[in-house]
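Have a look at the structure below, then the notes.
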Amino acid sequence: MELYRACYRSKIKWDNMRLPLPDEIDRTLLRIRRINRKAGVTGALLLVDQHIVQVLEGQTGQVLDTVYCVMNDPRLESIEGIIHEPVDFRLFPNSLMFFRDLTDGVAASSYPVLRPLLDHPGDVTRDEAYLAFSHFAAELQAGRLTNDMLMI
């Protein structure tokens, strides 16, 4: 079984949001996790300023199907791929969709590796994305994140 990883960034299209942001996030995460459970896809979603950055992992077909769904989400615009490649392991093997809201700036000020996400979310590089997601993956593996942050 070949594993594949896709990471993209996109700008939030606020005028297409139907609910207040916290409700929209809760509803979306519930749907994503249900779909990912069936598809065998794992990953993480980071909310940063006016952008989201998401990584998806699983079998190639399922990951690309998920990316296609994202590309058709009317709440997102300016979608850009950052990472698209076969991989040997999952960063988030036990997370149907880890979520972290970085809009308060607290985590990013505590962890310099997250700073690029706040400083220039629309131009995050491949290396910066890997460093940020690896930070959260390591925190998950070490058990330093709470169930509220995991939301799995």
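Lettering and numbering for the structure tokens are positional, with chains as A, B, ... in the shown order, residues counted from 1 in each chain, and ligands counted from 1 in the shown order.
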Report as a tab-separated table (two decimals) with N, CA and C atoms, in the first residue's frame all protein, DNA and RNA residues lying within 9 Å of Arg115 of chain A, evaluated on only C-alpha atoms, omitting residues in the same chain fewer than 6 positions from it.
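Output saved as result33.tsv:
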chain	number	residue	atom	x	y	z
A	105	GLY	N	-2.34	33.64	18.01
A	105	GLY	CA	-0.91	33.94	18.03
A	105	GLY	C	-0.15	33.36	19.20
A	107	ALA	N	0.32	30.07	20.32
A	107	ALA	CA	1.18	28.94	20.00
A	107	ALA	C	2.35	29.37	19.12
A	108	ALA	N	2.07	30.23	18.16
A	108	ALA	CA	3.13	30.66	17.26
A	108	ALA	C	4.19	31.49	17.97
A	109	SER	N	3.79	32.23	19.00
A	109	SER	CA	4.79	33.01	19.73
A	109	SER	C	5.61	32.10	20.65
A	132	ALA	N	6.05	22.96	10.60
A	132	ALA	CA	4.87	23.23	11.42
A	132	ALA	C	4.09	21.95	11.71
Which residues come within 10 Å of segment 2-18 of chain A, counting only C-alpha atoms, excluding same-chain residues fewer than 4 positions away, as a compact mmCIF listing (two decimals) with N, CA, C and O atoms, in the first residue's frame?
# COMPACT_ATOMS: atom_id res chain seq x y z
N ASP A 23 -18.90 27.69 14.68
CA ASP A 23 -19.90 26.69 14.26
C ASP A 23 -19.54 26.07 12.92
O ASP A 23 -19.72 24.87 12.71
N GLU A 24 -19.05 26.90 12.01
CA GLU A 24 -18.63 26.41 10.70
C GLU A 24 -17.49 25.40 10.85
O GLU A 24 -17.47 24.36 10.20
N VAL A 41 -8.21 8.24 5.44
CA VAL A 41 -7.36 9.43 5.34
C VAL A 41 -7.17 10.03 6.73
O VAL A 41 -8.10 10.07 7.53
N THR A 42 -5.96 10.47 7.01
CA THR A 42 -5.65 11.17 8.26
C THR A 42 -5.03 12.51 7.91
O THR A 42 -4.71 12.77 6.75
N GLY A 43 -4.85 13.35 8.93
CA GLY A 43 -4.21 14.62 8.65
C GLY A 43 -4.42 15.67 9.70
O GLY A 43 -4.80 15.37 10.84
N ALA A 44 -4.20 16.92 9.30
CA ALA A 44 -4.29 18.04 10.22
C ALA A 44 -4.73 19.29 9.45
O ALA A 44 -4.43 19.44 8.26
N LEU A 45 -5.41 20.15 10.17
CA LEU A 45 -5.93 21.40 9.61
C LEU A 45 -5.56 22.53 10.56
O LEU A 45 -5.86 22.46 11.75
N LEU A 46 -4.88 23.54 10.04
CA LEU A 46 -4.48 24.69 10.84
C LEU A 46 -5.20 25.93 10.31
O LEU A 46 -5.19 26.19 9.10
N LEU A 47 -5.82 26.65 11.21
CA LEU A 47 -6.48 27.91 10.87
C LEU A 47 -5.52 29.04 11.24
O LEU A 47 -5.08 29.14 12.38
N VAL A 48 -5.20 29.86 10.23
CA VAL A 48 -4.22 30.92 10.43
C VAL A 48 -4.73 32.18 9.74
O VAL A 48 -4.83 32.20 8.51
N ASP A 49 -5.06 33.20 10.52
CA ASP A 49 -5.47 34.48 9.96
C ASP A 49 -6.61 34.25 8.97
O ASP A 49 -7.64 33.73 9.35
N GLN A 50 -6.42 34.60 7.73
CA GLN A 50 -7.44 34.46 6.69
C GLN A 50 -7.26 33.18 5.88
O GLN A 50 -7.90 33.01 4.85
N HIS A 51 -6.39 32.30 6.34
CA HIS A 51 -6.02 31.11 5.58
C HIS A 51 -6.21 29.83 6.39
O HIS A 51 -6.24 29.86 7.61
N ILE A 52 -6.27 28.74 5.64
CA ILE A 52 -6.12 27.42 6.26
C ILE A 52 -4.97 26.72 5.55
O ILE A 52 -4.69 26.97 4.38
N VAL A 53 -4.29 25.88 6.31
CA VAL A 53 -3.24 25.03 5.78
C VAL A 53 -3.59 23.63 6.24
O VAL A 53 -3.83 23.41 7.44
N GLN A 54 -3.68 22.70 5.30
CA GLN A 54 -4.12 21.34 5.64
C GLN A 54 -3.18 20.32 5.02
O GLN A 54 -2.70 20.50 3.90
N VAL A 55 -2.94 19.25 5.77
CA VAL A 55 -2.19 18.11 5.26
C VAL A 55 -3.11 16.90 5.30
O VAL A 55 -3.87 16.72 6.26
N LEU A 56 -3.07 16.10 4.24
CA LEU A 56 -3.87 14.89 4.12
C LEU A 56 -2.94 13.73 3.81
O LEU A 56 -2.01 13.87 3.00
N GLU A 57 -3.21 12.56 4.42
CA GLU A 57 -2.34 11.39 4.24
C GLU A 57 -3.19 10.14 4.09
O GLU A 57 -4.21 10.01 4.75
N GLY A 58 -2.75 9.25 3.23
CA GLY A 58 -3.46 7.99 3.04
C GLY A 58 -3.09 7.40 1.69
O GLY A 58 -2.08 7.77 1.09
N GLN A 59 -3.94 6.49 1.20
CA GLN A 59 -3.70 5.92 -0.12
C GLN A 59 -3.90 7.02 -1.17
O GLN A 59 -4.75 7.91 -1.02
N THR A 60 -3.12 6.95 -2.21
CA THR A 60 -3.08 8.01 -3.22
C THR A 60 -4.47 8.41 -3.71
O THR A 60 -4.83 9.59 -3.70
N GLY A 61 -5.27 7.45 -4.12
CA GLY A 61 -6.59 7.75 -4.67
C GLY A 61 -7.49 8.47 -3.69
O GLY A 61 -8.16 9.46 -4.04
N GLN A 62 -7.50 8.01 -2.44
CA GLN A 62 -8.35 8.64 -1.43
C GLN A 62 -7.89 10.06 -1.11
O GLN A 62 -8.71 10.96 -0.91
N VAL A 63 -6.58 10.26 -1.02
CA VAL A 63 -6.07 11.61 -0.74
C VAL A 63 -6.40 12.55 -1.89
O VAL A 63 -6.88 13.67 -1.68
N LEU A 64 -6.19 12.10 -3.12
CA LEU A 64 -6.48 12.97 -4.26
C LEU A 64 -7.98 13.24 -4.40
O LEU A 64 -8.37 14.34 -4.78
N THR A 66 -9.98 13.53 -1.89
CA THR A 66 -10.23 14.52 -0.84
C THR A 66 -9.78 15.91 -1.30
O THR A 66 -10.47 16.91 -1.10
N VAL A 67 -8.62 15.98 -1.93
CA VAL A 67 -8.12 17.25 -2.46
C VAL A 67 -9.11 17.80 -3.50
O VAL A 67 -9.41 18.99 -3.52
N VAL A 70 -11.92 19.43 -1.73
CA VAL A 70 -11.47 20.72 -1.19
C VAL A 70 -11.48 21.78 -2.29
O VAL A 70 -11.93 22.91 -2.07
N MET A 71 -11.03 21.41 -3.46
CA MET A 71 -10.96 22.36 -4.57
C MET A 71 -12.34 22.87 -4.98
O MET A 71 -12.46 23.93 -5.58
N ASP A 73 -14.82 23.35 -2.73
CA ASP A 73 -15.47 23.95 -1.56
C ASP A 73 -15.65 25.44 -1.80
O ASP A 73 -14.66 26.17 -1.94
N PRO A 74 -16.89 25.94 -1.84
CA PRO A 74 -17.11 27.36 -2.13
C PRO A 74 -16.63 28.30 -1.03
O PRO A 74 -16.55 29.51 -1.24
N ARG A 75 -16.26 27.76 0.14
CA ARG A 75 -15.78 28.59 1.23
C ARG A 75 -14.29 28.89 1.13
O ARG A 75 -13.74 29.63 1.93
N LEU A 76 -13.64 28.30 0.11
CA LEU A 76 -12.20 28.47 -0.06
C LEU A 76 -11.89 29.04 -1.43
O LEU A 76 -12.60 28.78 -2.39
N GLU A 77 -10.81 29.82 -1.48
CA GLU A 77 -10.34 30.36 -2.76
C GLU A 77 -8.82 30.42 -2.73
O GLU A 77 -8.19 30.25 -1.69
N SER A 78 -8.24 30.64 -3.88
CA SER A 78 -6.78 30.74 -4.00
C SER A 78 -6.11 29.50 -3.40
O SER A 78 -5.16 29.61 -2.62
N ILE A 79 -6.60 28.34 -3.77
CA ILE A 79 -6.05 27.08 -3.26
C ILE A 79 -4.75 26.78 -4.00
O ILE A 79 -4.70 26.79 -5.22
N GLU A 80 -3.70 26.53 -3.21
CA GLU A 80 -2.38 26.24 -3.77
C GLU A 80 -1.79 25.01 -3.12
O GLU A 80 -1.76 24.90 -1.89
N GLY A 81 -1.28 24.11 -3.92
CA GLY A 81 -0.59 22.94 -3.40
C GLY A 81 0.78 23.32 -2.87
O GLY A 81 1.48 24.12 -3.47
N ILE A 82 1.13 22.74 -1.75
CA ILE A 82 2.46 22.95 -1.16
C ILE A 82 3.26 21.66 -1.25
O ILE A 82 4.44 21.66 -1.58
N ILE A 83 2.60 20.53 -0.93
CA ILE A 83 3.26 19.23 -0.94
C ILE A 83 2.34 18.24 -1.64
O ILE A 83 1.14 18.17 -1.35
N HIS A 84 2.89 17.49 -2.57
CA HIS A 84 2.18 16.37 -3.22
C HIS A 84 3.24 15.32 -3.50
O HIS A 84 4.05 15.49 -4.42
N GLU A 85 3.25 14.24 -2.68
CA GLU A 85 4.30 13.26 -2.88
C GLU A 85 4.01 11.95 -2.16
O GLU A 85 3.30 11.92 -1.14
N PRO A 86 4.55 10.86 -2.69
CA PRO A 86 4.49 9.59 -1.97
C PRO A 86 5.36 9.70 -0.71
O PRO A 86 6.37 10.41 -0.71
N VAL A 87 4.94 9.01 0.35
CA VAL A 87 5.68 9.05 1.61
C VAL A 87 5.76 7.65 2.20
O VAL A 87 5.00 6.76 1.82
N ASP A 88 6.67 7.47 3.14
CA ASP A 88 6.87 6.18 3.79
C ASP A 88 6.06 6.03 5.08
O ASP A 88 5.92 4.91 5.58
N PHE A 89 5.61 7.14 5.65
CA PHE A 89 4.90 7.09 6.92
C PHE A 89 3.94 8.27 7.02
O PHE A 89 4.08 9.26 6.29
N ARG A 90 3.00 8.16 7.93
CA ARG A 90 2.05 9.24 8.19
C ARG A 90 2.56 10.09 9.36
O ARG A 90 3.03 9.55 10.35
N LEU A 91 2.41 11.38 9.23
CA LEU A 91 2.70 12.28 10.34
C LEU A 91 1.59 12.19 11.40
O LEU A 91 1.84 12.34 12.59
N PRO A 121 1.09 33.41 5.75
CA PRO A 121 0.36 32.16 5.49
C PRO A 121 0.09 31.91 4.02
O PRO A 121 0.02 30.76 3.59
N GLY A 122 -0.03 32.95 3.23
CA GLY A 122 -0.28 32.78 1.81
C GLY A 122 0.93 32.36 1.01
O GLY A 122 0.82 32.02 -0.16
N ASP A 123 2.10 32.38 1.64
CA ASP A 123 3.34 32.03 0.96
C ASP A 123 4.15 30.99 1.72
O ASP A 123 5.38 30.95 1.60
N VAL A 124 3.50 30.16 2.51
CA VAL A 124 4.22 29.14 3.28
C VAL A 124 4.91 28.19 2.32
O VAL A 124 4.32 27.70 1.35
N ARG A 126 7.21 24.68 1.34
CA ARG A 126 7.15 23.25 1.65
C ARG A 126 7.86 22.96 2.97
O ARG A 126 7.33 22.26 3.83
N ALA A 129 5.94 24.34 5.95
CA ALA A 129 4.76 23.51 6.23
C ALA A 129 5.16 22.23 6.95
O ALA A 129 4.54 21.84 7.94
N TYR A 130 6.20 21.57 6.45
CA TYR A 130 6.67 20.34 7.10
C TYR A 130 7.10 20.60 8.55
O TYR A 130 6.79 19.81 9.44
N PHE A 133 3.82 21.17 10.68
CA PHE A 133 3.05 19.94 10.90
C PHE A 133 3.85 18.92 11.70
O PHE A 133 3.28 18.20 12.53
How would you write, as JSON, numbers by chain, the set of residues in segment 1-93 of chain A that DSSP gives as alpha helix (DSSP H)?
-> {"A": [21, 22, 23, 24, 25, 26, 27, 28, 29, 30, 31, 32, 33, 34, 35, 36, 37, 38, 39, 60, 61, 62, 63, 64, 65, 66, 67, 68, 69, 70, 71]}
Write down as a PDB file with N, CA, C and O atoms, in the first residue's frame the residues belonging to chain A that are assigned strand (DSSP E) by DSSP computed on the backbone.
ATOM      1  N   LEU A   3       1.596   5.090   0.453  1.00  0.00           N
ATOM      2  CA  LEU A   3       1.052   6.258   1.143  1.00  0.00           C
ATOM      3  C   LEU A   3       1.371   7.515   0.347  1.00  0.00           C
ATOM      4  O   LEU A   3       2.411   7.601  -0.302  1.00  0.00           O
ATOM      5  N   TYR A   4       0.462   8.460   0.458  1.00  0.00           N
ATOM      6  CA  TYR A   4       0.617   9.714  -0.266  1.00  0.00           C
ATOM      7  C   TYR A   4       0.286  10.857   0.681  1.00  0.00           C
ATOM      8  O   TYR A   4      -0.578  10.727   1.546  1.00  0.00           O
ATOM      9  N   ARG A   5       0.983  11.969   0.514  1.00  0.00           N
ATOM     10  CA  ARG A   5       0.728  13.152   1.338  1.00  0.00           C
ATOM     11  C   ARG A   5       0.474  14.347   0.426  1.00  0.00           C
ATOM     12  O   ARG A   5       1.212  14.572  -0.530  1.00  0.00           O
ATOM     13  N   ALA A   6      -0.572  15.066   0.752  1.00  0.00           N
ATOM     14  CA  ALA A   6      -0.876  16.310   0.043  1.00  0.00           C
ATOM     15  C   ALA A   6      -1.061  17.400   1.092  1.00  0.00           C
ATOM     16  O   ALA A   6      -1.685  17.178   2.124  1.00  0.00           O
ATOM     17  N   CYS A   7      -0.519  18.551   0.819  1.00  0.00           N
ATOM     18  CA  CYS A   7      -0.675  19.698   1.703  1.00  0.00           C
ATOM     19  C   CYS A   7      -1.003  20.893   0.824  1.00  0.00           C
ATOM     20  O   CYS A   7      -0.395  21.085  -0.232  1.00  0.00           O
ATOM     21  N   TYR A   8      -1.975  21.658   1.248  1.00  0.00           N
ATOM     22  CA  TYR A   8      -2.350  22.852   0.497  1.00  0.00           C
ATOM     23  C   TYR A   8      -2.629  23.994   1.462  1.00  0.00           C
ATOM     24  O   TYR A   8      -2.834  23.798   2.647  1.00  0.00           O
ATOM     25  N   ARG A   9      -2.649  25.169   0.910  1.00  0.00           N
ATOM     26  CA  ARG A   9      -3.077  26.350   1.654  1.00  0.00           C
ATOM     27  C   ARG A   9      -4.173  26.998   0.827  1.00  0.00           C
ATOM     28  O   ARG A   9      -4.191  26.890  -0.404  1.00  0.00           O
ATOM     29  N   SER A  10      -5.073  27.656   1.500  1.00  0.00           N
ATOM     30  CA  SER A  10      -6.121  28.369   0.789  1.00  0.00           C
ATOM     31  C   SER A  10      -6.597  29.542   1.621  1.00  0.00           C
ATOM     32  O   SER A  10      -6.436  29.567   2.842  1.00  0.00           O
ATOM     33  N   LYS A  11      -7.169  30.483   0.952  1.00  0.00           N
ATOM     34  CA  LYS A  11      -7.728  31.646   1.607  1.00  0.00           C
ATOM     35  C   LYS A  11      -9.205  31.389   1.871  1.00  0.00           C
ATOM     36  O   LYS A  11      -9.892  30.778   1.060  1.00  0.00           O
ATOM     37  N   ILE A  12      -9.676  31.836   3.019  1.00  0.00           N
ATOM     38  CA  ILE A  12     -11.076  31.647   3.382  1.00  0.00           C
ATOM     39  C   ILE A  12     -11.910  32.691   2.644  1.00  0.00           C
ATOM     40  O   ILE A  12     -11.577  33.876   2.637  1.00  0.00           O
ATOM     41  N   THR A  42      -5.960  10.472   7.009  1.00  0.00           N
ATOM     42  CA  THR A  42      -5.654  11.170   8.260  1.00  0.00           C
ATOM     43  C   THR A  42      -5.033  12.514   7.909  1.00  0.00           C
ATOM     44  O   THR A  42      -4.711  12.775   6.752  1.00  0.00           O
ATOM     45  N   GLY A  43      -4.849  13.355   8.929  1.00  0.00           N
ATOM     46  CA  GLY A  43      -4.205  14.623   8.645  1.00  0.00           C
ATOM     47  C   GLY A  43      -4.423  15.666   9.701  1.00  0.00           C
ATOM     48  O   GLY A  43      -4.799  15.370  10.841  1.00  0.00           O
ATOM     49  N   ALA A  44      -4.197  16.920   9.296  1.00  0.00           N
ATOM     50  CA  ALA A  44      -4.293  18.043  10.217  1.00  0.00           C
ATOM     51  C   ALA A  44      -4.731  19.285   9.448  1.00  0.00           C
ATOM     52  O   ALA A  44      -4.433  19.442   8.263  1.00  0.00           O
ATOM     53  N   LEU A  45      -5.414  20.154  10.169  1.00  0.00           N
ATOM     54  CA  LEU A  45      -5.929  21.401   9.607  1.00  0.00           C
ATOM     55  C   LEU A  45      -5.557  22.528  10.559  1.00  0.00           C
ATOM     56  O   LEU A  45      -5.857  22.463  11.751  1.00  0.00           O
ATOM     57  N   LEU A  46      -4.878  23.537  10.040  1.00  0.00           N
ATOM     58  CA  LEU A  46      -4.484  24.687  10.837  1.00  0.00           C
ATOM     59  C   LEU A  46      -5.201  25.925  10.309  1.00  0.00           C
ATOM     60  O   LEU A  46      -5.185  26.192   9.102  1.00  0.00           O
ATOM     61  N   LEU A  47      -5.824  26.653  11.212  1.00  0.00           N
ATOM     62  CA  LEU A  47      -6.481  27.912  10.875  1.00  0.00           C
ATOM     63  C   LEU A  47      -5.525  29.037  11.235  1.00  0.00           C
ATOM     64  O   LEU A  47      -5.083  29.137  12.384  1.00  0.00           O
ATOM     65  N   VAL A  48      -5.197  29.856  10.234  1.00  0.00           N
ATOM     66  CA  VAL A  48      -4.223  30.922  10.431  1.00  0.00           C
ATOM     67  C   VAL A  48      -4.726  32.180   9.740  1.00  0.00           C
ATOM     68  O   VAL A  48      -4.830  32.203   8.514  1.00  0.00           O
ATOM     69  N   HIS A  51      -6.385  32.301   6.335  1.00  0.00           N
ATOM     70  CA  HIS A  51      -6.022  31.114   5.576  1.00  0.00           C
ATOM     71  C   HIS A  51      -6.208  29.827   6.387  1.00  0.00           C
ATOM     72  O   HIS A  51      -6.244  29.861   7.611  1.00  0.00           O
ATOM     73  N   ILE A  52      -6.272  28.735   5.644  1.00  0.00           N
ATOM     74  CA  ILE A  52      -6.123  27.424   6.261  1.00  0.00           C
ATOM     75  C   ILE A  52      -4.971  26.717   5.554  1.00  0.00           C
ATOM     76  O   ILE A  52      -4.694  26.969   4.375  1.00  0.00           O
ATOM     77  N   VAL A  53      -4.288  25.885   6.315  1.00  0.00           N
ATOM     78  CA  VAL A  53      -3.239  25.027   5.778  1.00  0.00           C
ATOM     79  C   VAL A  53      -3.591  23.627   6.244  1.00  0.00           C
ATOM     80  O   VAL A  53      -3.829  23.405   7.436  1.00  0.00           O
ATOM     81  N   GLN A  54      -3.684  22.697   5.299  1.00  0.00           N
ATOM     82  CA  GLN A  54      -4.117  21.341   5.638  1.00  0.00           C
ATOM     83  C   GLN A  54      -3.183  20.321   5.020  1.00  0.00           C
ATOM     84  O   GLN A  54      -2.699  20.498   3.902  1.00  0.00           O
ATOM     85  N   VAL A  55      -2.940  19.245   5.770  1.00  0.00           N
ATOM     86  CA  VAL A  55      -2.190  18.112   5.256  1.00  0.00           C
ATOM     87  C   VAL A  55      -3.110  16.900   5.301  1.00  0.00           C
ATOM     88  O   VAL A  55      -3.872  16.716   6.260  1.00  0.00           O
ATOM     89  N   LEU A  56      -3.066  16.103   4.238  1.00  0.00           N
ATOM     90  CA  LEU A  56      -3.870  14.887   4.121  1.00  0.00           C
ATOM     91  C   LEU A  56      -2.938  13.725   3.810  1.00  0.00           C
ATOM     92  O   LEU A  56      -2.009  13.872   3.004  1.00  0.00           O
ATOM     93  N   GLU A  57      -3.210  12.562   4.424  1.00  0.00           N
ATOM     94  CA  GLU A  57      -2.341  11.391   4.237  1.00  0.00           C
ATOM     95  C   GLU A  57      -3.195  10.139   4.085  1.00  0.00           C
ATOM     96  O   GLU A  57      -4.214  10.011   4.748  1.00  0.00           O
ATOM     97  N   GLY A  58      -2.755   9.253   3.226  1.00  0.00           N
ATOM     98  CA  GLY A  58      -3.463   7.992   3.037  1.00  0.00           C
ATOM     99  C   GLY A  58      -3.093   7.399   1.689  1.00  0.00           C
ATOM    100  O   GLY A  58      -2.078   7.768   1.091  1.00  0.00           O
ATOM    101  N   GLN A  59      -3.945   6.493   1.203  1.00  0.00           N
ATOM    102  CA  GLN A  59      -3.704   5.925  -0.118  1.00  0.00           C
ATOM    103  C   GLN A  59      -3.897   7.022  -1.170  1.00  0.00           C
ATOM    104  O   GLN A  59      -4.746   7.910  -1.019  1.00  0.00           O
ATOM    105  N   LEU A  76     -13.642  28.300   0.111  1.00  0.00           N
ATOM    106  CA  LEU A  76     -12.200  28.466  -0.056  1.00  0.00           C
ATOM    107  C   LEU A  76     -11.889  29.044  -1.427  1.00  0.00           C
ATOM    108  O   LEU A  76     -12.597  28.783  -2.395  1.00  0.00           O
ATOM    109  N   GLU A  77     -10.809  29.818  -1.481  1.00  0.00           N
ATOM    110  CA  GLU A  77     -10.341  30.363  -2.758  1.00  0.00           C
ATOM    111  C   GLU A  77      -8.820  30.423  -2.732  1.00  0.00           C
ATOM    112  O   GLU A  77      -8.193  30.253  -1.693  1.00  0.00           O
ATOM    113  N   SER A  78      -8.239  30.644  -3.877  1.00  0.00           N
ATOM    114  CA  SER A  78      -6.779  30.737  -4.000  1.00  0.00           C
ATOM    115  C   SER A  78      -6.111  29.502  -3.401  1.00  0.00           C
ATOM    116  O   SER A  78      -5.159  29.608  -2.624  1.00  0.00           O
ATOM    117  N   ILE A  79      -6.602  28.337  -3.768  1.00  0.00           N
ATOM    118  CA  ILE A  79      -6.050  27.079  -3.261  1.00  0.00           C
ATOM    119  C   ILE A  79      -4.750  26.779  -3.999  1.00  0.00           C
ATOM    120  O   ILE A  79      -4.705  26.790  -5.219  1.00  0.00           O
ATOM    121  N   GLU A  80      -3.695  26.528  -3.208  1.00  0.00           N
ATOM    122  CA  GLU A  80      -2.380  26.237  -3.769  1.00  0.00           C
ATOM    123  C   GLU A  80      -1.787  25.008  -3.116  1.00  0.00           C
ATOM    124  O   GLU A  80      -1.763  24.898  -1.888  1.00  0.00           O
ATOM    125  N   GLY A  81      -1.279  24.113  -3.923  1.00  0.00           N
ATOM    126  CA  GLY A  81      -0.589  22.943  -3.396  1.00  0.00           C
ATOM    127  C   GLY A  81       0.783  23.317  -2.873  1.00  0.00           C
ATOM    128  O   GLY A  81       1.481  24.122  -3.474  1.00  0.00           O
ATOM    129  N   ILE A  82       1.135  22.737  -1.746  1.00  0.00           N
ATOM    130  CA  ILE A  82       2.462  22.954  -1.155  1.00  0.00           C
ATOM    131  C   ILE A  82       3.264  21.657  -1.245  1.00  0.00           C
ATOM    132  O   ILE A  82       4.443  21.661  -1.582  1.00  0.00           O
ATOM    133  N   ILE A  83       2.605  20.534  -0.932  1.00  0.00           N
ATOM    134  CA  ILE A  83       3.264  19.226  -0.936  1.00  0.00           C
ATOM    135  C   ILE A  83       2.343  18.238  -1.644  1.00  0.00           C
ATOM    136  O   ILE A  83       1.143  18.175  -1.353  1.00  0.00           O
ATOM    137  N   HIS A  84       2.887  17.487  -2.568  1.00  0.00           N
ATOM    138  CA  HIS A  84       2.177  16.372  -3.220  1.00  0.00           C
ATOM    139  C   HIS A  84       3.235  15.324  -3.504  1.00  0.00           C
ATOM    140  O   HIS A  84       4.046  15.492  -4.416  1.00  0.00           O
ATOM    141  N   GLU A  85       3.246  14.237  -2.684  1.00  0.00           N
ATOM    142  CA  GLU A  85       4.303  13.256  -2.879  1.00  0.00           C
ATOM    143  C   GLU A  85       4.006  11.948  -2.163  1.00  0.00           C
ATOM    144  O   GLU A  85       3.304  11.923  -1.143  1.00  0.00           O
ATOM    145  N   PRO A  86       4.553  10.860  -2.692  1.00  0.00           N
ATOM    146  CA  PRO A  86       4.491   9.591  -1.965  1.00  0.00           C
ATOM    147  C   PRO A  86       5.355   9.700  -0.714  1.00  0.00           C
ATOM    148  O   PRO A  86       6.371  10.411  -0.708  1.00  0.00           O
ATOM    149  N   VAL A  87       4.941   9.015   0.350  1.00  0.00           N
ATOM    150  CA  VAL A  87       5.685   9.046   1.611  1.00  0.00           C
ATOM    151  C   VAL A  87       5.760   7.648   2.204  1.00  0.00           C
ATOM    152  O   VAL A  87       5.002   6.756   1.817  1.00  0.00           O
ATOM    153  N   PHE A  98      -6.680  16.332  12.859  1.00  0.00           N
ATOM    154  CA  PHE A  98      -6.227  17.183  13.945  1.00  0.00           C
ATOM    155  C   PHE A  98      -6.551  18.620  13.548  1.00  0.00           C
ATOM    156  O   PHE A  98      -6.406  19.010  12.397  1.00  0.00           O
ATOM    157  N   PHE A  99      -6.989  19.436  14.503  1.00  0.00           N
ATOM    158  CA  PHE A  99      -7.290  20.836  14.225  1.00  0.00           C
ATOM    159  C   PHE A  99      -6.625  21.724  15.260  1.00  0.00           C
ATOM    160  O   PHE A  99      -6.634  21.421  16.445  1.00  0.00           O
ATOM    161  N   ARG A 100      -6.089  22.830  14.786  1.00  0.00           N
ATOM    162  CA  ARG A 100      -5.540  23.822  15.700  1.00  0.00           C
ATOM    163  C   ARG A 100      -5.807  25.211  15.147  1.00  0.00           C
ATOM    164  O   ARG A 100      -5.497  25.496  13.997  1.00  0.00           O
ATOM    165  N   ASP A 101      -6.399  26.049  15.967  1.00  0.00           N
ATOM    166  CA  ASP A 101      -6.664  27.444  15.626  1.00  0.00           C
ATOM    167  C   ASP A 101      -5.468  28.267  16.096  1.00  0.00           C
ATOM    168  O   ASP A 101      -5.214  28.376  17.287  1.00  0.00           O
TER     169      ASP A 101
END
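Rounded to one decimal, atom CA of Val113 of chain A and atom CA of His135 of chain A lie 7.6 Å from each other.
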